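**Q** This is my_file-v9.cif, which holds mmCIF, C-alpha atoms:
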data_structure
loop_
_atom_site.group_PDB
_atom_site.id
_atom_site.type_symbol
_atom_site.label_atom_id
_atom_site.label_comp_id
_atom_site.auth_asym_id
_atom_site.auth_seq_id
_atom_site.Cartn_x
_atom_site.Cartn_y
_atom_site.Cartn_z
ATOM 1 C CA ASP A 1 -23.149 224.464 65.182
ATOM 2 C CA ALA A 2 -24.423 225.577 68.550
ATOM 3 C CA LYS A 3 -22.638 224.022 71.533
ATOM 4 C CA THR A 4 -25.740 223.948 73.685
ATOM 5 C CA THR A 5 -28.904 221.887 73.951
ATOM 6 C CA GLN A 6 -32.228 223.172 75.175
ATOM 7 C CA PRO A 7 -35.686 221.621 75.290
ATOM 8 C CA PRO A 8 -37.783 222.896 72.383
ATOM 9 C CA SER A 9 -40.503 224.407 74.516
ATOM 10 C CA MET A 10 -41.778 225.042 78.000
ATOM 11 C CA ASP A 11 -44.907 226.495 79.579
ATOM 12 C CA CYS A 12 -45.079 228.567 82.712
ATOM 13 C CA ALA A 13 -47.904 230.168 84.656
ATOM 14 C CA GLU A 14 -47.922 233.923 84.948
ATOM 15 C CA GLY A 15 -46.430 235.079 88.236
ATOM 16 C CA ARG A 16 -44.528 231.875 88.803
ATOM 17 C CA ALA A 17 -40.792 231.387 88.410
ATOM 18 C CA ALA A 18 -39.671 230.106 85.026
ATOM 19 C CA ASN A 19 -36.615 227.857 85.130
ATOM 20 C CA LEU A 20 -35.070 227.426 81.713
ATOM 21 C CA PRO A 21 -32.433 224.672 81.438
ATOM 22 C CA CYS A 22 -29.456 224.470 79.135
ATOM 23 C CA ASN A 23 -26.821 221.794 78.664
ATOM 24 C CA HIS A 24 -23.331 222.736 77.510
ATOM 25 C CA SER A 25 -21.289 219.663 78.350
ATOM 26 C CA THR A 26 -18.380 220.566 76.046
ATOM 27 C CA ILE A 27 -17.851 224.057 77.427
ATOM 28 C CA SER A 28 -14.211 224.998 77.859
ATOM 29 C CA GLY A 29 -12.580 227.015 80.589
ATOM 30 C CA ASN A 30 -12.617 230.405 78.901
ATOM 31 C CA GLU A 31 -16.146 230.180 77.531
ATOM 32 C CA TYR A 32 -19.017 232.138 78.969
ATOM 33 C CA VAL A 33 -22.679 231.213 78.978
ATOM 34 C CA TYR A 34 -24.913 233.881 77.462
ATOM 35 C CA TRP A 35 -28.680 234.068 77.395
ATOM 36 C CA TYR A 36 -30.653 236.026 74.850
ATOM 37 C CA ARG A 37 -34.324 236.030 73.981
ATOM 38 C CA GLN A 38 -36.320 236.937 70.918
ATOM 39 C CA ILE A 39 -39.858 238.142 71.279
ATOM 40 C CA HIS A 40 -41.810 237.353 68.137
ATOM 41 C CA SER A 41 -39.771 238.718 65.209
ATOM 42 C CA GLN A 42 -37.961 241.395 67.139
ATOM 43 C CA GLY A 43 -34.187 241.604 67.465
ATOM 44 C CA PRO A 44 -32.584 239.292 70.017
ATOM 45 C CA GLN A 45 -32.389 240.829 73.463
ATOM 46 C CA TYR A 46 -29.474 240.263 75.800
ATOM 47 C CA ILE A 47 -30.507 238.895 79.188
ATOM 48 C CA ILE A 48 -27.467 237.831 81.192
ATOM 49 C CA HIS A 49 -24.140 236.035 80.993
ATOM 50 C CA GLY A 50 -21.765 234.276 83.361
ATOM 51 C CA LEU A 51 -18.599 232.246 83.604
ATOM 52 C CA LYS A 52 -18.851 230.090 86.691
ATOM 53 C CA ASN A 53 -20.427 232.112 89.458
ATOM 54 C CA ASN A 54 -24.145 232.637 89.680
ATOM 55 C CA GLU A 55 -25.252 235.964 88.301
ATOM 56 C CA THR A 56 -28.302 238.136 88.849
ATOM 57 C CA ASN A 57 -29.522 241.288 87.211
ATOM 58 C CA GLU A 58 -32.815 243.119 86.930
ATOM 59 C CA MET A 59 -34.136 240.667 84.357
ATOM 60 C CA ALA A 60 -33.066 237.244 85.546
ATOM 61 C CA SER A 61 -30.734 234.994 87.487
ATOM 62 C CA LEU A 62 -28.256 232.579 85.984
ATOM 63 C CA ILE A 63 -27.285 229.464 87.894
ATOM 64 C CA ILE A 64 -24.281 227.568 86.530
ATOM 65 C CA THR A 65 -23.464 224.138 87.897
ATOM 66 C CA GLU A 66 -20.117 223.605 89.548
ATOM 67 C CA ASP A 67 -18.848 221.485 86.652
ATOM 68 C CA ARG A 68 -20.163 224.173 84.265
ATOM 69 C CA LYS A 69 -21.802 221.569 82.062
ATOM 70 C CA SER A 70 -25.254 223.008 82.481
ATOM 71 C CA SER A 71 -27.012 226.135 83.570
ATOM 72 C CA THR A 72 -30.475 227.426 84.397
ATOM 73 C CA LEU A 73 -31.941 230.796 83.587
ATOM 74 C CA ILE A 74 -34.484 231.861 86.163
ATOM 75 C CA LEU A 75 -37.170 234.448 85.517
ATOM 76 C CA PRO A 76 -38.413 234.967 89.070
ATOM 77 C CA HIS A 77 -41.921 236.179 88.301
ATOM 78 C CA ALA A 78 -42.817 235.422 84.715
ATOM 79 C CA THR A 79 -45.192 237.759 82.919
ATOM 80 C CA LEU A 80 -47.027 237.393 79.617
ATOM 81 C CA ARG A 81 -44.383 239.662 78.067
ATOM 82 C CA ASP A 82 -41.740 237.048 78.832
ATOM 83 C CA THR A 83 -43.233 234.766 76.181
ATOM 84 C CA ALA A 84 -40.364 234.434 73.722
ATOM 85 C CA VAL A 85 -37.732 232.123 72.280
ATOM 86 C CA TYR A 86 -34.804 231.885 74.688
ATOM 87 C CA TYR A 87 -31.307 231.139 73.457
ATOM 88 C CA CYS A 88 -28.490 229.739 75.535
ATOM 89 C CA ILE A 89 -25.165 230.465 73.833
ATOM 90 C CA VAL A 90 -21.629 229.491 74.756
ATOM 91 C CA ARG A 91 -18.996 231.960 73.675
ATOM 92 C CA GLY A 92 -15.264 232.278 74.229
ATOM 93 C CA THR A 93 -13.378 235.436 74.985
ATOM 94 C CA GLN A 94 -9.756 234.924 74.005
ATOM 95 C CA GLY A 95 -8.768 234.885 70.360
ATOM 96 C CA GLY A 96 -12.063 233.382 69.461
ATOM 97 C CA SER A 97 -14.896 234.360 67.250
ATOM 98 C CA GLU A 98 -16.819 237.535 67.861
ATOM 99 C CA LYS A 99 -20.024 236.090 66.542
ATOM 100 C CA LEU A 100 -22.971 234.759 68.478
ATOM 101 C CA VAL A 101 -24.038 231.323 67.278
ATOM 102 C CA PHE A 102 -27.766 230.927 67.758
ATOM 103 C CA GLY A 103 -29.365 227.535 67.945
ATOM 104 C CA LYS A 104 -33.071 226.846 67.728
ATOM 105 C CA GLY A 105 -33.580 228.016 71.286
ATOM 106 C CA MET A 106 -36.472 227.183 73.556
ATOM 107 C CA LYS A 107 -39.953 228.650 73.203
ATOM 108 C CA LEU A 108 -41.252 229.774 76.582
ATOM 109 C CA THR A 109 -44.974 230.383 76.744
ATOM 110 C CA VAL A 110 -46.260 232.190 79.814
ATOM 111 C CA ASN A 111 -49.925 231.422 80.358
ATOM 112 C CA PRO A 112 -52.405 233.606 82.231
ATOM 113 C CA GLU B 113 -31.677 253.954 77.445
ATOM 114 C CA PRO B 114 -29.483 253.879 74.321
ATOM 115 C CA GLU B 115 -30.590 251.528 71.597
ATOM 116 C CA VAL B 116 -29.650 250.363 68.141
ATOM 117 C CA THR B 117 -31.926 251.706 65.441
ATOM 118 C CA GLN B 118 -32.463 250.394 61.927
ATOM 119 C CA THR B 119 -34.086 251.791 58.811
ATOM 120 C CA PRO B 120 -36.206 251.019 56.952
ATOM 121 C CA SER B 121 -38.332 248.618 58.966
ATOM 122 C CA HIS B 122 -39.488 246.933 55.780
ATOM 123 C CA GLN B 123 -37.915 247.034 52.339
ATOM 124 C CA VAL B 124 -39.430 245.483 49.258
ATOM 125 C CA THR B 125 -37.225 245.173 46.202
ATOM 126 C CA GLN B 126 -37.107 243.334 42.927
ATOM 127 C CA MET B 127 -34.632 240.584 42.234
ATOM 128 C CA GLY B 128 -31.375 241.957 40.892
ATOM 129 C CA GLN B 129 -31.753 245.356 42.526
ATOM 130 C CA GLU B 130 -29.322 246.824 45.017
ATOM 131 C CA VAL B 131 -30.463 247.521 48.553
ATOM 132 C CA ILE B 132 -28.835 249.342 51.425
ATOM 133 C CA LEU B 133 -29.909 248.613 54.957
ATOM 134 C CA ARG B 134 -29.034 251.198 57.554
ATOM 135 C CA CYS B 135 -28.208 250.989 61.212
ATOM 136 C CA VAL B 136 -27.260 253.455 63.895
ATOM 137 C CA PRO B 137 -25.335 251.598 66.593
ATOM 138 C CA ILE B 138 -25.144 252.698 70.210
ATOM 139 C CA SER B 139 -22.881 255.719 70.284
ATOM 140 C CA ASN B 140 -19.992 254.496 72.447
ATOM 141 C CA HIS B 141 -19.858 251.048 70.915
ATOM 142 C CA LEU B 142 -16.887 250.066 68.779
ATOM 143 C CA TYR B 143 -17.902 246.736 67.272
ATOM 144 C CA PHE B 144 -20.691 246.305 64.792
ATOM 145 C CA TYR B 145 -22.437 243.253 63.398
ATOM 146 C CA TRP B 146 -25.016 242.126 60.907
ATOM 147 C CA TYR B 147 -27.108 238.997 61.360
ATOM 148 C CA ARG B 148 -29.998 237.695 59.366
ATOM 149 C CA GLN B 149 -32.940 235.419 60.049
ATOM 150 C CA ILE B 150 -34.820 233.739 57.254
ATOM 151 C CA LEU B 151 -38.440 233.197 58.235
ATOM 152 C CA GLY B 152 -38.756 230.252 60.591
ATOM 153 C CA GLN B 153 -35.020 229.650 60.757
ATOM 154 C CA LYS B 154 -32.165 230.435 63.104
ATOM 155 C CA VAL B 155 -30.495 233.794 63.515
ATOM 156 C CA GLU B 156 -27.299 233.635 61.432
ATOM 157 C CA PHE B 157 -24.151 235.717 61.718
ATOM 158 C CA LEU B 158 -23.101 237.600 58.603
ATOM 159 C CA VAL B 159 -20.237 239.937 59.455
ATOM 160 C CA SER B 160 -18.474 241.848 62.185
ATOM 161 C CA PHE B 161 -16.771 245.206 61.730
ATOM 162 C CA TYR B 162 -14.256 247.091 63.793
ATOM 163 C CA ASN B 163 -11.993 250.040 63.155
ATOM 164 C CA ASN B 164 -13.340 250.411 59.628
ATOM 165 C CA GLU B 165 -12.511 246.877 58.667
ATOM 166 C CA ILE B 166 -14.305 243.578 58.474
ATOM 167 C CA SER B 167 -12.996 241.482 61.344
ATOM 168 C CA GLU B 168 -14.959 238.328 60.673
ATOM 169 C CA LYS B 169 -17.452 237.124 58.101
ATOM 170 C CA SER B 170 -19.466 234.030 57.463
ATOM 171 C CA GLU B 171 -19.798 231.949 54.316
ATOM 172 C CA ILE B 172 -23.085 233.700 53.643
ATOM 173 C CA PHE B 173 -21.293 237.036 53.335
ATOM 174 C CA ASP B 174 -20.099 236.657 49.754
ATOM 175 C CA ASP B 175 -19.111 239.247 47.167
ATOM 176 C CA GLN B 176 -22.709 240.399 46.848
ATOM 177 C CA PHE B 177 -22.547 241.829 50.350
ATOM 178 C CA SER B 178 -20.584 244.777 51.643
ATOM 179 C CA VAL B 179 -20.555 246.854 54.802
ATOM 180 C CA GLU B 180 -19.551 250.409 55.449
ATOM 181 C CA ARG B 181 -19.416 252.964 58.181
ATOM 182 C CA PRO B 182 -19.797 256.090 56.053
ATOM 183 C CA ASP B 183 -19.745 258.493 58.976
ATOM 184 C CA GLY B 184 -19.462 258.483 62.737
ATOM 185 C CA SER B 185 -22.918 257.154 63.365
ATOM 186 C CA ASN B 186 -24.235 254.978 60.552
ATOM 187 C CA PHE B 187 -23.376 251.391 59.687
ATOM 188 C CA THR B 188 -24.729 250.006 56.428
ATOM 189 C CA LEU B 189 -25.182 246.653 54.750
ATOM 190 C CA LYS B 190 -25.371 246.656 50.969
ATOM 191 C CA ILE B 191 -26.591 243.799 48.851
ATOM 192 C CA ARG B 192 -25.544 244.479 45.275
ATOM 193 C CA SER B 193 -27.882 242.234 43.321
ATOM 194 C CA THR B 194 -30.613 240.785 45.463
ATOM 195 C CA LYS B 195 -31.853 237.241 45.076
ATOM 196 C CA LEU B 196 -35.097 235.704 46.220
ATOM 197 C CA GLU B 197 -33.217 233.829 48.935
ATOM 198 C CA ASP B 198 -31.999 237.110 50.438
ATOM 199 C CA SER B 199 -35.494 237.663 51.777
ATOM 200 C CA ALA B 200 -35.073 237.709 55.549
ATOM 201 C CA MET B 201 -34.982 239.859 58.657
ATOM 202 C CA TYR B 202 -31.650 241.626 58.915
ATOM 203 C CA PHE B 203 -30.482 242.594 62.370
ATOM 204 C CA CYS B 204 -27.737 245.037 63.198
ATOM 205 C CA ALA B 205 -25.963 244.747 66.546
ATOM 206 C CA SER B 206 -23.240 246.598 68.369
ATOM 207 C CA SER B 207 -21.042 246.047 71.384
ATOM 208 C CA VAL B 208 -18.423 247.823 73.406
ATOM 209 C CA TYR B 209 -16.070 244.878 73.355
ATOM 210 C CA ALA B 210 -15.437 242.151 70.793
ATOM 211 C CA GLY B 211 -15.076 238.701 72.296
ATOM 212 C CA PHE B 212 -16.534 239.612 75.652
ATOM 213 C CA GLY B 213 -19.699 241.321 76.685
ATOM 214 C CA GLU B 214 -23.145 241.649 75.328
ATOM 215 C CA GLN B 215 -24.230 242.567 71.830
ATOM 216 C CA TYR B 216 -27.245 244.827 71.550
ATOM 217 C CA PHE B 217 -29.525 244.226 68.613
ATOM 218 C CA GLY B 218 -31.710 246.561 66.634
ATOM 219 C CA PRO B 219 -35.343 245.840 65.759
ATOM 220 C CA GLY B 220 -34.434 244.576 62.303
ATOM 221 C CA THR B 221 -35.253 245.335 58.683
ATOM 222 C CA ARG B 222 -37.537 242.949 56.898
ATOM 223 C CA LEU B 223 -36.243 242.543 53.354
ATOM 224 C CA THR B 224 -38.619 241.081 50.802
ATOM 225 C CA VAL B 225 -37.219 240.271 47.379
ATOM 226 C CA THR B 226 -39.821 239.677 44.679
#
Could you quickly redo this structure as structure tokens?

**A**
Amino acid sequence: DAKTTQPPSMDCAEGRAANLPCNHSTISGNEYVYWYRQIHSQGPQYIIHGLKNNETNEMASLIITEDRKSSTLILPHATLRDTAVYYCIVRGTQGGSEKLVFGKGMKLTVNP
Amino acid sequence: EPEVTQTPSHQVTQMGQEVILRCVPISNHLYFYWYRQILGQKVEFLVSFYNNEISEKSEIFDDQFSVERPDGSNFTLKIRSTKLEDSAMYFCASSVYAGFGEQYFGPGTRLTVT
């Protein structure tokens, strides 16, 4: 089962920042937080990942709390094309599984 | 930008028939995966493949399933005798590394078993 919890859905106005929360209270020291999204029935799309420091790339920013028990994905200026299901996934790196375990994710709807 | 490609985009087959789903991973990637998503359900891991061997598989990946990398570019998933419950979107993914780093997914093949 997925090790993360996300709200089932969220709305955001176009042009505004979308802050997507994720709880991962049982995360262990060698586990990373990954974010993917799935637009309609397309293949999941990698967004960003991090261990404990905040990360930023051209798509989004990832803020991880100091205790690492939760994180927030930030889409700085949401567009209609950002409407998708967003998945927060915790994944280890040492001797662990290679697979991604997807939960139900969170449906983000960006409204005009 | 390199991307994972999959063919066909939609495959319709009759129950009991064999199907082969094809994928071309990103060229410098070494690890390959298949996932599936039954309509309205979660994305589920099927199998991972590295160095011409299965490195991990799920309970779903039973004897009816097999994977192969027949040449330097293609990665295939074969279902020997399809069942109605095999109807799903099948996604191929690839990555440079195994336990670390991002997996890049293809657009999927919609398999419909009638």

**Q** How close does segment 122-211 of chain B get to segment 2-13 of chain A? List, as CSV, each residue of segment 122-211 of chain B within 12 Å, its nearest atom pair and the distance in Å to one decimal, counting all atoms listed in the file.

**A**
residue,atom,partner,partner_atom,distance
B:Lys154,CA,A:Ala2,CA,10.6
B:Val155,CA,A:Ala2,CA,11.4
B:Glu156,CA,A:Ala2,CA,11.1

**Q** Near chain A, which residues of chain B fall within 7 Å when you count all atoms listed in the file, and what do they look like as a count of residues only?

**A** 15

**Q** Need the shell around Asn140 of chain B: protein/DNA/RNA residues with any atom at most 10 Å away, counting all atoms listed in the file. Skip same-chain ones fewer than 2 positions apart. Format as a list in words?

**A**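 Residues near the query, excluding close chain neighbours: Pro114, Pro137, Ile138, Leu142, Tyr143, Ser185, Ser206, Ser207 and Val208 of chain B.
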
**Q** So how far away is atom CA of Thr194 of chain B from atom CA of Gln176 of chain B, in Å?

**A**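 Calculated distance between atom CA of Gln176 of chain B and atom CA of Thr194 of chain B is 8.0 Å.
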
**Q** Which value, in Å to one decimal, gives the distance between atom CA of Gly184 of chain B and atom CA of Thr224 of chain B?

**A**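 Spanning atom CA of Gly184 of chain B to atom CA of Thr224 of chain B is a straight-line distance of 28.5 Å.
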
**Q** Starting from the shown file, work through the PyMOL selection byres ((chain B and resi 145) around 7) and note down what comes out as a PyMOL selection string.

**A** chain B and resi 143-144+146-147+159-161+204-206

**Q** Tell me which of B:Val136, B:Thr221, B:Leu196, B:Leu151 sits closest to Glu180 of chain B, counting all atoms listed in the file.

**A** B:Val136

**Q** Take atom CA of Ile166 of chain B and atom CA of Thr125 of chain B and report the distance between them in Å, one decimal.

**A**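 Going from atom CA of Ile166 of chain B over to atom CA of Thr125 of chain B covers 26.0 Å.
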
**Q** Might you spell out which residues the PyMOL selection byres ((chain A and resi 63) around 10) would select in the displayed file, as a PyMOL selection string?

**A** chain A and resi 19+21+50+52-56+60-62+64-66+68+70-74
